[in-house]
Amino acid sequence: MLNRRCQILLVEDEPEEIEYFRRLLSKAKSSSFKQGFELIVAQSLKKGLQQLSSNDIDVVFLDLMLSDSRGIQTLAEILEFAPSLPVIVYTVLNEAAAVKVLELGAIGYLHKTEIDTKLLVYAIRSAIERQEQINSLKQQQKQQEQVEFEQLEAIAAFNTSKNASLSDSVSLRQSKPDIFAELVQNYCEIMDLALEEKAYKVEHNTSDKLA
């Protein structure tokens with residue numbers, strides 16, 4: 001999977017939890033990570049963001065209850081700063097909280113009291129693979145949107161030219177910017193729903209919305 005050491009950022013402020021995680025990772029072995037693992041620890045959200053800026057992190061393990069940030073906002077700030085990185089929430093969660101963090105964009109979660117070395121390695125590999133798929137889908141979506149926008153403008157320009165001279169014709173973006181912006185926004189929303197369908201295996205009836 002990687003031709004270098006897998007760099008893991010653990011954002012956690014409890015020394016006992018950090019040491020436990022470090023021991024688990026020190027025993028981890030996997031054919032997918034032949035170069036092994038490197039653990040980077042940040043004991044606050046601020047330090048975690050600094051580590052993301054200065055290191056080539058592959059996956060983030062995040063405790064939601066830190067000295068300088070607590071709850072869902074902690075996850076939101078990490079995701080905003082590094083939207084293309086897999087983030088695994090590593091905390092004591094109830095089922096409702098677990099669902100919420102996944103809805104917000106976490107790639108997964110691990111309960112602190114139920115983790116072992118094998119589960120840790122599996123979580124790392126799955127998180128990286130899944131994030132790569134999501135990033136690929138987003139890139140494909142972006143490219144598709146660009147093609148669709150160009151086609152939309154071409155069609156709009158053609159229709160406009162039927163009712164105006166060539167010298168006076170303008171694109172829909174120029175002649176009706178409000179309408180064009182609304183069409184673009186609606187299309188982007190549908191594309192986001194389509195991405196969620198592929199990534200999370202949910203049904204949003206995007207075909208009906210697109211029609």
# chains A, B, ... in the order shown; residues from 1 in each chain; ligands from 1
>>> select_by_dssp(residues="range 35-156 of chain A", states="strand (DSSP E or B)", output="tab-separated table (two decimals) with all heavy atoms, in the first residue's frame")
chain	number	residue	atom	x	y	z
A	37	PHE	N	5.22	1.53	10.84
A	37	PHE	CA	4.43	2.69	11.23
A	37	PHE	C	5.27	3.69	12.02
A	37	PHE	O	6.19	3.31	12.72
A	37	PHE	CB	3.23	2.26	12.08
A	37	PHE	CG	2.35	1.25	11.43
A	37	PHE	CD1	2.57	-0.11	11.61
A	37	PHE	CD2	1.29	1.65	10.63
A	37	PHE	CE1	1.75	-1.05	11.01
A	37	PHE	CE2	0.47	0.72	10.02
A	37	PHE	CZ	0.69	-0.63	10.21
A	38	GLU	N	4.89	4.94	11.89
A	38	GLU	CA	5.51	5.99	12.69
A	38	GLU	C	4.39	6.77	13.39
A	38	GLU	O	3.47	7.27	12.73
A	38	GLU	CB	6.33	6.94	11.83
A	38	GLU	CG	6.96	8.08	12.63
A	38	GLU	CD	7.78	9.02	11.77
A	38	GLU	OE1	7.99	8.71	10.58
A	38	GLU	OE2	8.19	10.08	12.28
A	39	LEU	N	4.47	6.85	14.71
A	39	LEU	CA	3.43	7.54	15.47
A	39	LEU	C	3.87	8.95	15.82
A	39	LEU	O	4.95	9.17	16.37
A	39	LEU	CB	3.12	6.77	16.76
A	39	LEU	CG	2.04	7.39	17.65
A	39	LEU	CD1	0.70	7.45	16.92
A	39	LEU	CD2	1.91	6.60	18.96
A	40	ILE	N	3.00	9.91	15.51
A	40	ILE	CA	3.20	11.31	15.88
A	40	ILE	C	2.07	11.68	16.82
A	40	ILE	O	0.91	11.46	16.51
A	40	ILE	CB	3.20	12.22	14.64
A	40	ILE	CG1	4.34	11.82	13.69
A	40	ILE	CG2	3.31	13.69	15.04
A	40	ILE	CD1	4.27	12.51	12.34
A	41	VAL	N	2.40	12.24	17.97
A	41	VAL	CA	1.40	12.55	18.99
A	41	VAL	C	1.23	14.06	19.13
A	41	VAL	O	2.21	14.81	19.16
A	41	VAL	CB	1.79	11.94	20.36
A	41	VAL	CG1	0.78	12.34	21.42
A	41	VAL	CG2	1.88	10.42	20.24
A	42	ALA	N	-0.03	14.48	19.21
A	42	ALA	CA	-0.35	15.87	19.51
A	42	ALA	C	-1.34	15.86	20.67
A	42	ALA	O	-2.37	15.18	20.61
A	42	ALA	CB	-0.95	16.57	18.29
A	59	VAL	N	-2.99	9.02	8.19
A	59	VAL	CA	-4.27	8.81	8.86
A	59	VAL	C	-4.24	9.49	10.23
A	59	VAL	O	-3.18	9.54	10.88
A	59	VAL	CB	-4.60	7.30	8.99
A	59	VAL	CG1	-3.55	6.60	9.81
A	59	VAL	CG2	-5.99	7.08	9.57
A	60	VAL	N	-5.39	10.01	10.64
A	60	VAL	CA	-5.50	10.73	11.92
A	60	VAL	C	-6.41	9.94	12.86
A	60	VAL	O	-7.51	9.53	12.47
A	60	VAL	CB	-6.07	12.14	11.72
A	60	VAL	CG1	-6.21	12.85	13.07
A	60	VAL	CG2	-5.21	12.94	10.76
A	61	PHE	N	-5.94	9.72	14.08
A	61	PHE	CA	-6.79	9.19	15.14
A	61	PHE	C	-7.09	10.35	16.09
A	61	PHE	O	-6.17	10.97	16.62
A	61	PHE	CB	-6.09	8.05	15.89
A	61	PHE	CG	-6.10	6.75	15.14
A	61	PHE	CD1	-5.18	6.52	14.13
A	61	PHE	CD2	-7.04	5.77	15.42
A	61	PHE	CE1	-5.18	5.33	13.43
A	61	PHE	CE2	-7.05	4.57	14.72
A	61	PHE	CZ	-6.12	4.36	13.71
A	62	LEU	N	-8.36	10.63	16.30
A	62	LEU	CA	-8.76	11.86	16.99
A	62	LEU	C	-9.66	11.58	18.19
A	62	LEU	O	-10.73	10.99	18.05
A	62	LEU	CB	-9.49	12.78	16.01
A	62	LEU	CG	-10.05	14.07	16.57
A	62	LEU	CD1	-8.92	15.02	16.98
A	62	LEU	CD2	-10.95	14.76	15.54
A	65	MET	N	-12.41	14.81	22.97
A	65	MET	CA	-12.39	15.58	24.21
A	65	MET	C	-10.95	15.95	24.55
A	65	MET	O	-10.19	15.17	25.13
A	65	MET	CB	-13.01	14.76	25.35
A	65	MET	CG	-14.39	14.21	25.02
A	65	MET	SD	-15.59	15.49	24.54
A	65	MET	CE	-15.86	16.26	26.14
A	70	ARG	N	-13.60	20.50	22.52
A	70	ARG	CA	-14.41	19.39	23.02
A	70	ARG	C	-15.59	19.13	22.09
A	70	ARG	O	-16.22	20.06	21.58
A	70	ARG	CB	-14.91	19.67	24.44
A	70	ARG	CG	-13.78	20.02	25.41
A	70	ARG	CD	-14.29	20.23	26.82
A	70	ARG	NE	-14.66	19.00	27.49
A	70	ARG	CZ	-13.78	18.17	28.05
A	70	ARG	NH1	-12.49	18.44	28.00
A	70	ARG	NH2	-14.20	17.07	28.64
A	87	VAL	N	-9.87	10.44	8.77
A	87	VAL	CA	-9.88	10.74	10.20
A	87	VAL	C	-10.72	9.67	10.91
A	87	VAL	O	-11.89	9.47	10.58
A	87	VAL	CB	-10.47	12.13	10.49
A	87	VAL	CG1	-10.52	12.38	12.00
A	87	VAL	CG2	-9.66	13.21	9.79
A	88	ILE	N	-10.10	8.98	11.85
A	88	ILE	CA	-10.79	7.99	12.66
A	88	ILE	C	-11.00	8.58	14.05
A	88	ILE	O	-10.03	8.97	14.72
A	88	ILE	CB	-9.98	6.69	12.77
A	88	ILE	CG1	-9.78	6.07	11.38
A	88	ILE	CG2	-10.67	5.70	13.70
A	88	ILE	CD1	-8.88	4.86	11.38
A	89	VAL	N	-12.23	8.68	14.47
A	89	VAL	CA	-12.51	9.18	15.82
A	89	VAL	C	-12.19	8.06	16.80
A	89	VAL	O	-12.68	6.94	16.70
A	89	VAL	CB	-13.98	9.62	15.94
A	89	VAL	CG1	-14.32	9.91	17.39
A	89	VAL	CG2	-14.24	10.84	15.07
A	90	TYR	N	-11.31	8.38	17.75
A	90	TYR	CA	-10.80	7.41	18.72
A	90	TYR	C	-11.22	7.88	20.11
A	90	TYR	O	-10.56	8.71	20.72
A	90	TYR	CB	-9.28	7.33	18.60
A	90	TYR	CG	-8.60	6.39	19.56
A	90	TYR	CD1	-8.82	5.02	19.49
A	90	TYR	CD2	-7.72	6.87	20.52
A	90	TYR	CE1	-8.19	4.16	20.37
A	90	TYR	CE2	-7.07	6.01	21.40
A	90	TYR	CZ	-7.31	4.66	21.32
A	90	TYR	OH	-6.68	3.80	22.19
A	91	THR	N	-12.33	7.36	20.58
A	91	THR	CA	-12.88	7.88	21.82
A	91	THR	C	-13.87	6.88	22.39
A	91	THR	O	-14.03	5.77	21.86
A	91	THR	CB	-13.56	9.24	21.57
A	91	THR	OG1	-13.94	9.82	22.82
A	91	THR	CG2	-14.77	9.10	20.68
A	108	GLY	N	-14.17	6.71	10.04
A	108	GLY	CA	-14.49	5.59	10.91
A	108	GLY	C	-14.34	5.99	12.37
A	108	GLY	O	-14.03	7.14	12.68
A	109	TYR	N	-14.58	5.04	13.26
A	109	TYR	CA	-14.37	5.32	14.69
A	109	TYR	C	-13.96	4.03	15.39
A	109	TYR	O	-14.29	2.93	14.95
A	109	TYR	CB	-15.62	5.91	15.34
A	109	TYR	CG	-16.77	4.93	15.48
A	109	TYR	CD1	-16.93	4.15	16.62
A	109	TYR	CD2	-17.70	4.78	14.44
A	109	TYR	CE1	-17.97	3.25	16.74
A	109	TYR	CE2	-18.73	3.87	14.55
A	109	TYR	CZ	-18.87	3.11	15.70
A	109	TYR	OH	-19.90	2.21	15.80
A	110	LEU	N	-13.21	4.20	16.46
A	110	LEU	CA	-12.80	3.08	17.29
A	110	LEU	C	-13.10	3.39	18.75
A	110	LEU	O	-12.81	4.49	19.23
A	110	LEU	CB	-11.30	2.80	17.15
A	110	LEU	CG	-10.84	2.10	15.86
A	110	LEU	CD1	-9.32	1.95	15.88
A	110	LEU	CD2	-11.49	0.75	15.71
A	111	HIS	N	-13.69	2.43	19.41
A	111	HIS	CA	-13.97	2.57	20.84
A	111	HIS	C	-12.70	2.23	21.62
A	111	HIS	O	-12.10	1.17	21.41
A	111	HIS	CB	-15.11	1.64	21.23
A	111	HIS	CG	-15.79	2.02	22.50
A	111	HIS	ND1	-15.21	1.85	23.73
A	111	HIS	CD2	-17.00	2.59	22.72
A	111	HIS	CE1	-16.04	2.27	24.67
A	111	HIS	NE2	-17.13	2.73	24.08
>>> select_by_dssp(residues="range 7-203 of chain A", states="helix (DSSP H, G or I)", output="MDAnalysis selection string")
chainID A and resid 15:26 45:54 72:81 95:104 112:114 117:161 172:175 177:200
>>> atom_distance(atom1="CA of Ala97 in chain A", atom2="CA of Gln73 in chain A")
12.7 Å
>>> closest_atom_pairs(of="range 89-127 of chain A", to="range 25-29 of chain A", cutoff="8 Å", atoms="only C-alpha atoms", output="Markdown table")
| residue | atom | partner | partner_atom | distance |
| --- | --- | --- | --- | --- |
| A:Thr117 | CA | A:Ala28 | CA | 5.8 |
| A:Lys118 | CA | A:Ala28 | CA | 7.2 |
| A:Leu120 | CA | A:Leu25 | CA | 7.6 |
| A:Val121 | CA | A:Ala28 | CA | 6.6 |
>>> closest_residue(among="A:Ile18, A:Asp208, A:Ala96, A:Asp58", to="Ser126 in chain A", atoms="only C-alpha atoms")
A:Asp58
>>> closest_residue(among="A:Val11, A:Asn55, A:Glu95, A:Ile115", to="Ser69 in chain A", atoms="only C-alpha atoms")
A:Val11
>>> atom_distance(atom1="CA of Gln143 in chain A", atom2="CA of Phe81 in chain A")
23.0 Å
>>> residues_around(residues="Gln140 in chain A", least_positions_apart="3", cutoff="12 Å", atoms="only C-alpha atoms", output="NGL selection string")
:A and (133-137 or 143-147 or 191-192 or 194-195 or 198)
>>> write_last_selection(atoms="C-alpha atoms", output="PDB file, in the first residue's frame")
ATOM      1  CA  GLN A 133     -11.763   5.882  -3.129  1.00  0.00           C
ATOM      2  CA  ILE A 134     -13.610   8.957  -1.896  1.00  0.00           C
ATOM      3  CA  ASN A 135     -10.887  11.309  -3.130  1.00  0.00           C
ATOM      4  CA  SER A 136     -10.971   9.571  -6.524  1.00  0.00           C
ATOM      5  CA  LEU A 137     -14.753   9.905  -6.705  1.00  0.00           C
ATOM      6  CA  GLN A 143     -14.177  16.698 -13.829  1.00  0.00           C
ATOM      7  CA  GLN A 144     -17.721  15.673 -14.704  1.00  0.00           C
ATOM      8  CA  GLU A 145     -19.090  18.943 -13.319  1.00  0.00           C
ATOM      9  CA  GLN A 146     -16.664  20.908 -15.490  1.00  0.00           C
ATOM     10  CA  VAL A 147     -17.766  19.031 -18.598  1.00  0.00           C
ATOM     11  CA  MET A 191     -23.451  15.517  -7.671  1.00  0.00           C
ATOM     12  CA  ASP A 192     -22.739  15.547  -3.918  1.00  0.00           C
ATOM     13  CA  ALA A 194     -24.373  10.938  -6.147  1.00  0.00           C
ATOM     14  CA  LEU A 195     -20.958  10.835  -4.467  1.00  0.00           C
ATOM     15  CA  LYS A 198     -21.233   5.590  -4.306  1.00  0.00           C
TER      16      LYS A 198
END
>>> residues_around(residues="range 173-187 of chain A", least_positions_apart="5", cutoff="10 Å", atoms="only C-alpha atoms", output="number ranges by chain")
A: 145, 148-149, 152-153, 156-157, 160, 192-193, 209-210
>>> write_last_selection(atoms="C-alpha atoms", output="PDB file, in the first residue's frame")
ATOM      1  CA  GLU A 145     -19.090  18.943 -13.319  1.00  0.00           C
ATOM      2  CA  GLU A 148     -21.428  19.510 -17.707  1.00  0.00           C
ATOM      3  CA  PHE A 149     -20.928  23.236 -17.074  1.00  0.00           C
ATOM      4  CA  LEU A 152     -24.673  23.833 -20.278  1.00  0.00           C
ATOM      5  CA  GLU A 153     -23.076  27.065 -21.397  1.00  0.00           C
ATOM      6  CA  ALA A 156     -27.463  28.184 -23.420  1.00  0.00           C
ATOM      7  CA  ALA A 157     -25.385  30.150 -25.925  1.00  0.00           C
ATOM      8  CA  THR A 160     -29.722  32.532 -27.040  1.00  0.00           C
ATOM      9  CA  ASP A 192     -22.739  15.547  -3.918  1.00  0.00           C
ATOM     10  CA  LEU A 193     -25.654  13.183  -3.362  1.00  0.00           C
ATOM     11  CA  LYS A 209     -33.591  14.771  -9.087  1.00  0.00           C
ATOM     12  CA  LEU A 210     -31.391  15.091 -12.189  1.00  0.00           C
TER      13      LEU A 210
END
>>> atom_distance(atom1="CA of Ser31 in chain A", atom2="CA of Glu16 in chain A")
28.8 Å
>>> closest_residue(among="A:Val92, A:Leu64, A:Leu24, A:Leu9", to="Leu52 in chain A", atoms="only C-alpha atoms")
A:Leu9
>>> closest_residue(among="A:Ala154, A:Arg22, A:Asp63, A:Phe33", to="Ile128 in chain A", atoms="only C-alpha atoms")
A:Phe33
